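Q: This is the content of data-v4.cif (mmCIF, C-alpha atoms):
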data_target
loop_
_atom_site.group_PDB
_atom_site.id
_atom_site.type_symbol
_atom_site.label_atom_id
_atom_site.label_comp_id
_atom_site.auth_asym_id
_atom_site.auth_seq_id
_atom_site.Cartn_x
_atom_site.Cartn_y
_atom_site.Cartn_z
ATOM 1 C CA MET A 300 -4.936 100.328 48.810
ATOM 2 C CA ARG A 301 -6.966 102.012 46.066
ATOM 3 C CA PHE A 302 -9.304 99.020 46.001
ATOM 4 C CA ALA A 303 -9.713 99.063 49.801
ATOM 5 C CA ARG A 304 -10.235 102.832 49.757
ATOM 6 C CA SER A 305 -13.001 102.554 47.165
ATOM 7 C CA LYS A 306 -14.740 99.736 49.087
ATOM 8 C CA ARG A 307 -14.479 101.731 52.317
ATOM 9 C CA ALA A 308 -15.929 104.847 50.708
ATOM 10 C CA LEU A 309 -18.836 102.833 49.303
ATOM 11 C CA ARG A 310 -19.580 101.313 52.715
ATOM 12 C CA LEU A 311 -19.459 104.769 54.389
ATOM 13 C CA LYS A 312 -21.956 106.032 51.863
ATOM 14 C CA THR A 313 -24.217 103.123 52.753
ATOM 15 C CA ILE A 314 -23.977 103.991 56.471
ATOM 16 C CA ASP A 315 -24.716 107.670 55.714
ATOM 17 C CA SER A 316 -27.779 106.593 53.753
ATOM 18 C CA CYS A 317 -28.973 104.596 56.791
ATOM 19 C CA PHE A 318 -28.921 107.757 58.914
ATOM 20 C CA GLN A 319 -30.528 109.807 56.143
ATOM 21 C CA ASP A 320 -33.302 107.234 55.718
ATOM 22 C CA LEU A 321 -33.986 107.421 59.457
ATOM 23 C CA LYS A 322 -34.212 111.199 59.296
ATOM 24 C CA ASP A 323 -36.510 111.166 56.297
ATOM 25 C CA SER A 324 -38.841 108.389 57.481
ATOM 26 C CA ARG A 325 -39.011 108.697 61.277
ATOM 27 C CA LEU A 326 -38.096 112.279 62.283
ATOM 28 C CA MET A 327 -41.328 113.883 61.165
ATOM 29 C CA GLU A 328 -42.491 115.372 64.475
ATOM 30 C CA GLU A 329 -40.992 117.863 66.916
ATOM 31 C CA THR A 330 -41.247 115.799 70.089
ATOM 32 C CA TYR A 331 -40.803 112.069 70.745
ATOM 33 C CA THR A 332 -41.084 109.846 73.746
ATOM 34 C CA VAL A 333 -38.200 107.894 75.235
ATOM 35 C CA ASP A 334 -39.569 104.597 73.871
ATOM 36 C CA GLU A 335 -39.859 105.998 70.366
ATOM 37 C CA VAL A 336 -36.312 107.370 70.439
ATOM 38 C CA SER A 337 -35.030 104.051 71.850
ATOM 39 C CA ASP A 338 -36.854 102.122 69.109
ATOM 40 C CA MET A 339 -35.395 104.347 66.376
ATOM 41 C CA LEU A 340 -31.852 104.003 67.799
ATOM 42 C CA ASP A 341 -32.203 100.218 68.086
ATOM 43 C CA GLY A 342 -33.231 99.931 64.442
ATOM 44 C CA LEU A 343 -30.394 102.218 63.382
ATOM 45 C CA GLN A 344 -27.980 100.142 65.472
ATOM 46 C CA VAL A 345 -29.016 96.939 63.699
ATOM 47 C CA LEU A 346 -28.508 98.518 60.273
ATOM 48 C CA VAL A 347 -25.142 100.090 61.100
ATOM 49 C CA ARG A 348 -23.932 96.935 62.843
ATOM 50 C CA GLY A 349 -24.827 94.834 59.810
ATOM 51 C CA GLU A 350 -23.025 97.179 57.408
ATOM 52 C CA VAL A 351 -19.873 97.363 59.556
ATOM 53 C CA GLU A 352 -19.807 93.621 60.130
ATOM 54 C CA MET A 353 -20.216 92.968 56.418
ATOM 55 C CA GLU A 354 -17.364 95.363 55.627
ATOM 56 C CA LEU A 355 -15.043 93.730 58.193
ATOM 57 C CA ILE A 356 -15.817 90.237 56.904
ATOM 58 C CA ASN A 357 -15.314 91.315 53.309
ATOM 59 C CA THR A 358 -11.996 92.987 54.184
ATOM 60 C CA ALA A 359 -10.747 89.836 55.966
ATOM 61 C CA HIS A 360 -11.745 87.582 53.056
ATOM 62 C CA THR A 361 -10.149 89.971 50.538
ATOM 63 C CA ASN A 362 -6.884 89.882 52.506
ATOM 64 C CA VAL A 363 -6.992 86.083 52.526
ATOM 65 C CA LEU A 364 -7.362 85.969 48.740
ATOM 66 C CA LEU A 365 -4.508 88.459 48.319
ATOM 67 C CA LEU A 366 -2.225 86.402 50.588
ATOM 68 C CA ARG A 367 -3.202 83.247 48.714
ATOM 69 C CA GLN A 368 -1.985 84.777 45.449
ATOM 70 C CA LEU A 369 1.315 85.788 47.062
ATOM 71 C CA PHE A 370 1.852 82.341 48.591
ATOM 72 C CA SER A 371 1.068 80.614 45.292
ATOM 73 C CA GLN A 372 3.670 82.747 43.510
ATOM 74 C CA ALA A 373 6.211 82.098 46.285
ATOM 75 C CA GLU A 374 5.758 78.325 45.943
ATOM 76 C CA LYS A 375 6.896 78.494 42.319
ATOM 77 C CA PHE A 376 10.283 79.846 43.500
ATOM 78 C CA TYR A 377 10.490 77.438 46.473
ATOM 79 C CA LEU A 378 10.375 80.331 48.951
ATOM 80 C CA ARG A 379 9.512 80.002 52.618
ATOM 81 C CA LEU A 380 7.506 82.977 53.808
ATOM 82 C CA GLN A 381 7.185 83.828 57.476
ATOM 83 C CA THR A 382 4.698 86.197 59.086
ATOM 84 C CA ASP A 383 4.878 88.116 62.354
ATOM 85 C CA ILE A 384 1.354 88.791 63.666
ATOM 86 C CA SER A 385 2.685 91.253 66.237
ATOM 87 C CA GLU A 386 3.831 93.588 63.422
ATOM 88 C CA LEU A 387 0.183 94.046 62.395
ATOM 89 C CA GLU A 388 -0.319 96.196 65.524
ATOM 90 C CA ASN A 389 2.884 98.213 65.177
ATOM 91 C CA ARG A 390 1.649 101.798 65.528
ATOM 92 C CA GLU A 391 4.694 103.305 63.834
ATOM 93 C CA LEU A 392 4.311 101.140 60.733
ATOM 94 C CA LEU A 393 0.554 101.722 60.669
ATOM 95 C CA GLU A 394 1.146 105.481 60.761
ATOM 96 C CA GLN A 395 3.605 105.147 57.877
ATOM 97 C CA VAL A 396 0.997 103.264 55.846
ATOM 98 C CA ALA A 397 -1.614 105.903 56.663
ATOM 99 C CA GLU A 398 0.774 108.674 55.636
ATOM 100 C CA PHE A 399 1.581 106.846 52.417
ATOM 101 C CA GLU A 400 -2.110 106.482 51.611
ATOM 102 C CA LYS A 401 -2.741 110.136 52.387
ATOM 103 C CA THR A 402 0.083 111.417 50.181
ATOM 104 C CA ASP A 403 -0.635 108.883 47.422
ATOM 105 C CA PHE A 404 -4.242 109.989 46.937
ATOM 106 C CA LYS A 405 -3.659 113.698 47.496
ATOM 107 C CA ALA A 406 -2.376 114.602 44.012
ATOM 108 C CA ASN A 407 -4.909 115.343 41.269
ATOM 109 C CA SER A 408 -2.868 114.422 38.202
ATOM 110 C CA LYS A 409 -1.850 110.796 37.653
ATOM 111 C CA VAL A 410 1.348 111.833 35.821
ATOM 112 C CA ASN A 411 2.503 114.029 38.686
ATOM 113 C CA GLN A 412 1.430 111.357 41.093
ATOM 114 C CA GLU A 413 3.657 108.704 39.433
ATOM 115 C CA SER A 414 6.667 111.065 39.295
ATOM 116 C CA SER A 415 6.403 112.400 42.842
ATOM 117 C CA LYS A 416 5.005 109.355 44.664
ATOM 118 C CA PRO A 417 7.019 108.641 47.860
ATOM 119 C CA LYS A 418 8.163 105.109 48.470
ATOM 120 C CA LEU A 419 7.180 103.341 51.632
ATOM 121 C CA ALA A 420 10.232 102.074 53.429
ATOM 122 C CA PRO A 421 10.476 98.280 53.286
ATOM 123 C CA LEU A 422 9.420 96.576 56.493
ATOM 124 C CA ASN A 423 11.916 93.733 56.223
ATOM 125 C CA GLU A 424 14.847 94.129 53.834
ATOM 126 C CA GLY A 425 16.860 91.287 52.377
ATOM 127 C CA GLY A 426 15.995 87.604 52.364
ATOM 128 C CA VAL A 427 13.477 87.297 49.553
ATOM 129 C CA SER A 428 15.503 89.067 46.838
ATOM 130 C CA GLU A 429 18.618 87.112 47.788
ATOM 131 C CA LEU A 430 16.706 83.848 47.622
ATOM 132 C CA LEU A 431 15.297 84.767 44.227
ATOM 133 C CA GLN A 432 18.743 85.667 42.943
ATOM 134 C CA LYS A 433 20.226 82.422 44.255
ATOM 135 C CA GLU A 434 17.415 80.410 42.711
ATOM 136 C CA ILE A 435 17.897 82.145 39.341
ATOM 137 C CA SER A 436 21.657 81.542 39.479
ATOM 138 C CA ARG A 437 21.133 77.894 40.342
ATOM 139 C CA LEU A 438 18.665 77.439 37.491
ATOM 140 C CA GLN A 439 21.087 79.099 35.049
ATOM 141 C CA GLU A 440 23.910 76.807 36.176
ATOM 142 C CA ASP A 441 21.663 73.763 35.769
ATOM 143 C CA ASN A 442 20.661 75.008 32.318
ATOM 144 C CA ASP A 443 24.318 75.435 31.279
ATOM 145 C CA LYS A 444 25.156 71.940 32.554
ATOM 146 C CA LEU A 445 22.226 70.466 30.655
ATOM 147 C CA LYS A 446 23.295 72.250 27.467
ATOM 148 C CA ALA A 447 26.862 70.935 27.816
ATOM 149 C CA ARG A 448 25.532 67.445 28.477
ATOM 150 C CA LEU A 449 23.279 67.716 25.427
ATOM 151 C CA ARG A 450 26.212 68.720 23.207
ATOM 152 C CA THR A 451 28.241 65.768 24.518
ATOM 153 C CA LEU A 452 25.380 63.359 23.871
ATOM 154 C CA GLU A 453 24.885 64.740 20.368
ATOM 155 C CA SER A 454 28.548 64.205 19.524
ATOM 156 C CA GLN A 455 28.421 60.685 20.953
ATOM 157 C CA ALA A 456 25.273 59.954 18.958
ATOM 158 C CA MET A 457 26.906 61.166 15.715
ATOM 159 C CA SER A 458 29.969 59.016 16.402
ATOM 160 C CA ALA A 459 27.762 56.013 17.103
ATOM 161 C CA LEU A 460 25.876 56.571 13.841
ATOM 162 C CA ASP A 461 29.142 56.674 11.913
ATOM 163 C CA ASP A 462 30.318 53.457 13.556
ATOM 164 C CA LYS A 463 26.991 51.831 12.785
ATOM 165 C CA SER A 464 27.199 52.809 9.112
ATOM 166 C CA LYS A 465 30.735 51.407 8.872
ATOM 167 C CA ALA A 466 29.697 48.174 10.555
ATOM 168 C CA GLU A 467 26.696 47.785 8.223
ATOM 169 C CA ARG A 468 28.902 48.255 5.159
ATOM 170 C CA ALA A 469 31.452 45.744 6.467
ATOM 171 C CA LEU A 470 28.688 43.252 7.238
ATOM 172 C CA LYS A 471 27.235 43.578 3.745
ATOM 173 C CA ASP A 472 30.655 42.993 2.184
ATOM 174 C CA LEU A 473 31.243 39.974 4.400
ATOM 175 C CA GLN A 474 27.822 38.512 3.607
ATOM 176 C CA LYS A 475 28.368 39.032 -0.082
ATOM 177 C CA SER A 476 31.742 37.211 -0.047
ATOM 178 C CA GLN A 477 30.685 34.346 2.219
ATOM 179 C CA GLY A 478 27.051 33.996 1.192
ATOM 180 C CA ASP A 479 27.281 30.675 -0.691
ATOM 181 C CA GLN A 480 29.643 29.063 1.781
ATOM 182 C CA GLN A 481 27.473 30.003 4.742
ATOM 183 C CA SER A 482 24.371 28.681 2.981
ATOM 184 C CA ALA A 483 25.980 25.282 2.396
ATOM 185 C CA ILE A 484 27.217 25.081 5.978
ATOM 186 C CA HIS A 485 23.799 26.024 7.334
ATOM 187 C CA ALA A 486 22.080 23.431 5.115
ATOM 188 C CA GLN A 487 24.449 20.697 6.338
ATOM 189 C CA GLU A 488 23.934 21.725 9.965
ATOM 190 C CA ILE A 489 20.153 21.682 9.506
ATOM 191 C CA THR A 490 20.331 18.165 7.986
ATOM 192 C CA ASN A 491 22.476 16.908 10.875
ATOM 193 C CA LEU A 492 20.109 18.436 13.404
ATOM 194 C CA GLU A 493 17.095 16.843 11.711
ATOM 195 C CA GLY A 494 18.794 13.392 11.794
ATOM 196 C CA THR A 495 19.701 13.828 15.462
ATOM 197 C CA VAL A 496 16.147 14.874 16.339
ATOM 198 C CA ALA A 497 14.686 11.871 14.438
ATOM 199 C CA ALA A 498 17.018 9.460 16.258
ATOM 200 C CA MET A 499 16.179 10.986 19.623
ATOM 201 C CA GLN A 500 12.458 10.738 18.839
ATOM 202 C CA ALA A 501 12.779 7.058 17.893
ATOM 203 C CA ASP A 502 14.701 6.279 21.101
ATOM 204 C CA PHE A 503 12.092 8.126 23.123
ATOM 205 C CA GLU A 504 9.232 6.176 21.538
ATOM 206 C CA LYS A 505 11.053 2.873 22.131
ATOM 207 C CA THR A 506 11.686 3.754 25.766
ATOM 208 C CA LEU A 507 8.078 4.843 26.198
ATOM 209 C CA ASN A 508 6.729 1.586 24.762
ATOM 210 C CA ALA A 509 9.013 -0.422 27.038
ATOM 211 C CA ASN A 510 7.869 1.520 30.046
ATOM 212 C CA VAL A 511 4.217 0.940 29.114
ATOM 213 C CA ALA A 512 4.747 -2.820 28.786
ATOM 214 C CA SER A 513 6.637 -2.951 32.071
ATOM 215 C CA GLN A 514 3.909 -1.036 33.812
ATOM 216 C CA LYS A 515 1.256 -3.415 32.472
ATOM 217 C CA ASP A 516 3.208 -6.459 33.721
ATOM 218 C CA LEU A 517 3.561 -4.872 37.137
ATOM 219 C CA GLN A 518 -0.185 -4.217 37.303
ATOM 220 C CA ASP A 519 -0.939 -7.853 36.376
ATOM 221 C CA CYS A 520 1.459 -9.103 39.050
ATOM 222 C CA LEU A 521 -0.119 -6.819 41.613
ATOM 223 C CA VAL A 522 -3.644 -8.096 40.814
ATOM 224 C CA SER A 523 -2.503 -11.706 41.044
ATOM 225 C CA ALA A 524 -0.800 -11.036 44.377
ATOM 226 C CA LYS A 525 -3.979 -9.447 45.751
ATOM 227 C CA HIS A 526 -6.030 -12.519 44.704
ATOM 228 C CA ASP A 527 -3.522 -14.868 46.368
ATOM 229 C CA LEU A 528 -3.598 -12.809 49.529
ATOM 230 C CA LEU A 529 -7.406 -12.931 49.712
ATOM 231 C CA ARG A 530 -7.346 -16.695 49.148
ATOM 232 C CA VAL A 531 -4.807 -17.227 51.922
ATOM 233 C CA GLN A 532 -6.767 -15.003 54.316
ATOM 234 C CA GLU A 533 -9.941 -16.972 53.622
ATOM 235 C CA GLN A 534 -8.148 -20.326 54.225
ATOM 236 C CA LEU A 535 -6.656 -18.981 57.446
ATOM 237 C CA SER A 536 -10.093 -17.894 58.698
ATOM 238 C CA LEU A 537 -11.553 -21.347 57.973
ATOM 239 C CA ALA A 538 -8.670 -23.061 59.730
ATOM 240 C CA GLU A 539 -9.129 -20.876 62.832
ATOM 241 C CA LYS A 540 -12.849 -21.654 62.990
ATOM 242 C CA GLU A 541 -12.232 -25.373 62.552
ATOM 243 C CA LEU A 542 -9.502 -25.380 65.219
ATOM 244 C CA GLU A 543 -11.789 -23.600 67.687
ATOM 245 C CA LYS A 544 -14.541 -26.094 67.032
ATOM 246 C CA LYS A 545 -12.193 -29.030 67.644
ATOM 247 C CA PHE A 546 -10.883 -27.477 70.830
ATOM 248 C CA GLN A 547 -14.387 -27.062 72.248
ATOM 249 C CA GLN A 548 -15.027 -30.783 71.696
ATOM 250 C CA THR A 549 -12.002 -31.944 73.732
ATOM 251 C CA ALA A 550 -12.292 -33.342 77.315
ATOM 252 C CA ALA A 551 -9.913 -30.713 78.686
ATOM 253 C CA TYR A 552 -12.133 -27.923 77.433
ATOM 254 C CA ARG A 553 -15.221 -29.521 79.023
ATOM 255 C CA ASN A 554 -13.422 -30.040 82.367
ATOM 256 C CA MET A 555 -12.168 -26.454 82.325
ATOM 257 C CA LYS A 556 -15.676 -25.219 81.642
ATOM 258 C CA GLU A 557 -17.118 -27.259 84.552
ATOM 259 C CA ILE A 558 -14.429 -25.930 86.913
ATOM 260 C CA LEU A 559 -15.185 -22.321 85.882
ATOM 261 C CA THR A 560 -18.906 -22.905 86.440
ATOM 262 C CA LYS A 561 -18.268 -24.234 89.975
ATOM 263 C CA LYS A 562 -15.975 -21.358 90.777
ATOM 264 C CA ASN A 563 -18.599 -18.871 89.650
ATOM 265 C CA GLU A 564 -21.210 -20.513 91.906
ATOM 266 C CA GLN A 565 -18.786 -20.433 94.852
ATOM 267 C CA ILE A 566 -18.114 -16.741 94.234
ATOM 268 C CA LYS A 567 -21.832 -15.992 94.139
ATOM 269 C CA ASP A 568 -22.316 -17.897 97.443
ATOM 270 C CA LEU A 569 -19.471 -16.024 99.110
ATOM 271 C CA ARG A 570 -20.917 -12.670 97.968
ATOM 272 C CA LYS A 571 -24.312 -13.570 99.491
ATOM 273 C CA ARG A 572 -22.666 -14.547 102.824
ATOM 274 C CA LEU A 573 -20.662 -11.334 102.830
ATOM 275 C CA GLN A 574 -23.758 -9.233 102.239
ATOM 276 C CA ARG A 575 -25.604 -11.104 105.030
ATOM 277 C CA TYR A 576 -22.704 -10.526 107.412
ATOM 278 C CA GLU A 577 -22.550 -6.793 106.645
ATOM 279 C CA SER A 578 -26.339 -6.471 107.220
ATOM 280 C CA ASP A 579 -26.051 -8.156 110.682
ATOM 281 C CA GLU A 580 -23.355 -5.709 111.804
#
Take the structure I supplied and represent it as structure tokens, if you would.
A:
Amino acid sequence: MRFARSKRALRLKTIDSCFQDLKDSRLMEETYTVDEVSDMLDGLQVLVRGEVEMELINTAHTNVLLLRQLFSQAEKFYLRLQTDISELENRELLEQVAEFEKTDFKANSKVNQESSKPKLAPLNEGGVSELLQKEISRLQEDNDKLKARLRTLESQAMSALDDKSKAERALKDLQKSQGDQQSAIHAQEITNLEGTVAAMQADFEKTLNANVASQKDLQDCLVSAKHDLLRVQEQLSLAEKELEKKFQQTAAYRNMKEILTKKNEQIKDLRKRLQRYESDE
């Protein structure tokens, strides 16, 4: 409110200076025409309108920034704020705010002002403080649970470290007592594994060589079969040609050919007669 009051006072001084400038620069004569007075008032209107509009815009933007700060702080506590636009035109509350501003800036001494400053009655009691208290209580409970869980994990970790140390000591003792015996057993196992691997490798190579030889024999057989098939196909083609040639030289073939020739001539003759008959009709 102090900030708004100072901005408002500065803007009022600016408006007063607009009127004073008009008096000093234009009101130099005793009489003026209607057009001159209208021109002076129009210019003064433009100046005053600009100053008032600038003040209203600045006030609105300042309120937006103030609300943004409040909303940002409320988000940290997971609060849901609600606004009632109709309360902004509540005359009773506006009069209370005006009275608070009047009494707050009336005192001259800041010490007396802090001791005797009246409190503005809250517009909407409850809700926010209860939510804050609940959120603080919940966070404290979560913190206590996390501390208890941490102590439990620390004790379990210490117990696990002790068990690990005991197991390492027992393992060292066991390795020390059975070191030579284990080495001999491992050497024998390695030798057996090497012999088994060598035998498996030899069997694999033998099987591979046999498969290669078998594959080569199969390829040779396949090539030979292809050659035989081509030879047989060629002989079959020659036999067909020779058989056809012999058939054409037989008397039956010649008689059949003569009969077909005669039939074709008869068909041609019948077609000509039919065409002649159709043209006559």
Q: Between CA of Gln432 in chain A and CA of Arg450 in chain A, what is the spacing in Å?
A: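 Computing it gives 27.1 Å between the two atoms.
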Q: I'd like the interatomic distance between CA of Arg575 in chain A and CA of Ile558 in chain A, to a tenth of an Å.
A: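 For CA of Arg575 in chain A relative to CA of Ile558 in chain A, the distance reads 25.9 Å.
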Q: Give, as lines of an AutoDock Vina configuration file, the centre coordinates and the x, y and z edge lengths in Å to one decimal for an axis-aligned box around all listed atoms of range 518-524 of chain A, padded by 6 Å on each side.
A:
center_x = -1.1
center_y = -8.0
center_z = 40.4
size_x = 17.1
size_y = 19.5
size_z = 20.0
Q: Take the PyMOL selection byres ((chain A and resi 309-319) around 10), apply it to the structure above, and return the hits as a VMD selection string.
A: chain A and resid 303 to 308 320 to 325 342 to 344 346 to 351 353 to 354
Q: How would you write, as a ChimeraX atom specification, the residues chosen by the PyMOL selection byres ((chain A and resi 375-379) around 12) on this structure?
A: /A:368-374,380-382,426-435,437-438
Q: Just to confirm, what's the straight-line distance from CA of Leu445 in chain A to CA of Ala459 in chain A in Å (one decimal)?
A: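 Here the two named atoms are 20.6 Å from each other.
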Q: Considering only C-alpha atoms, can you say which of A:Asn491, A:Gln455, A:Met339, A:Met300 comes closest to Lys401 in chain A?
A: A:Met300
Q: Could you tell me which of A:Ala447, A:Phe302, A:Glu543, A:Leu392 comes closest to Asn362 in chain A if we count all atoms listed in the file?
A: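 Selected residue with least distance to Asn362 in chain A: A:Phe302.
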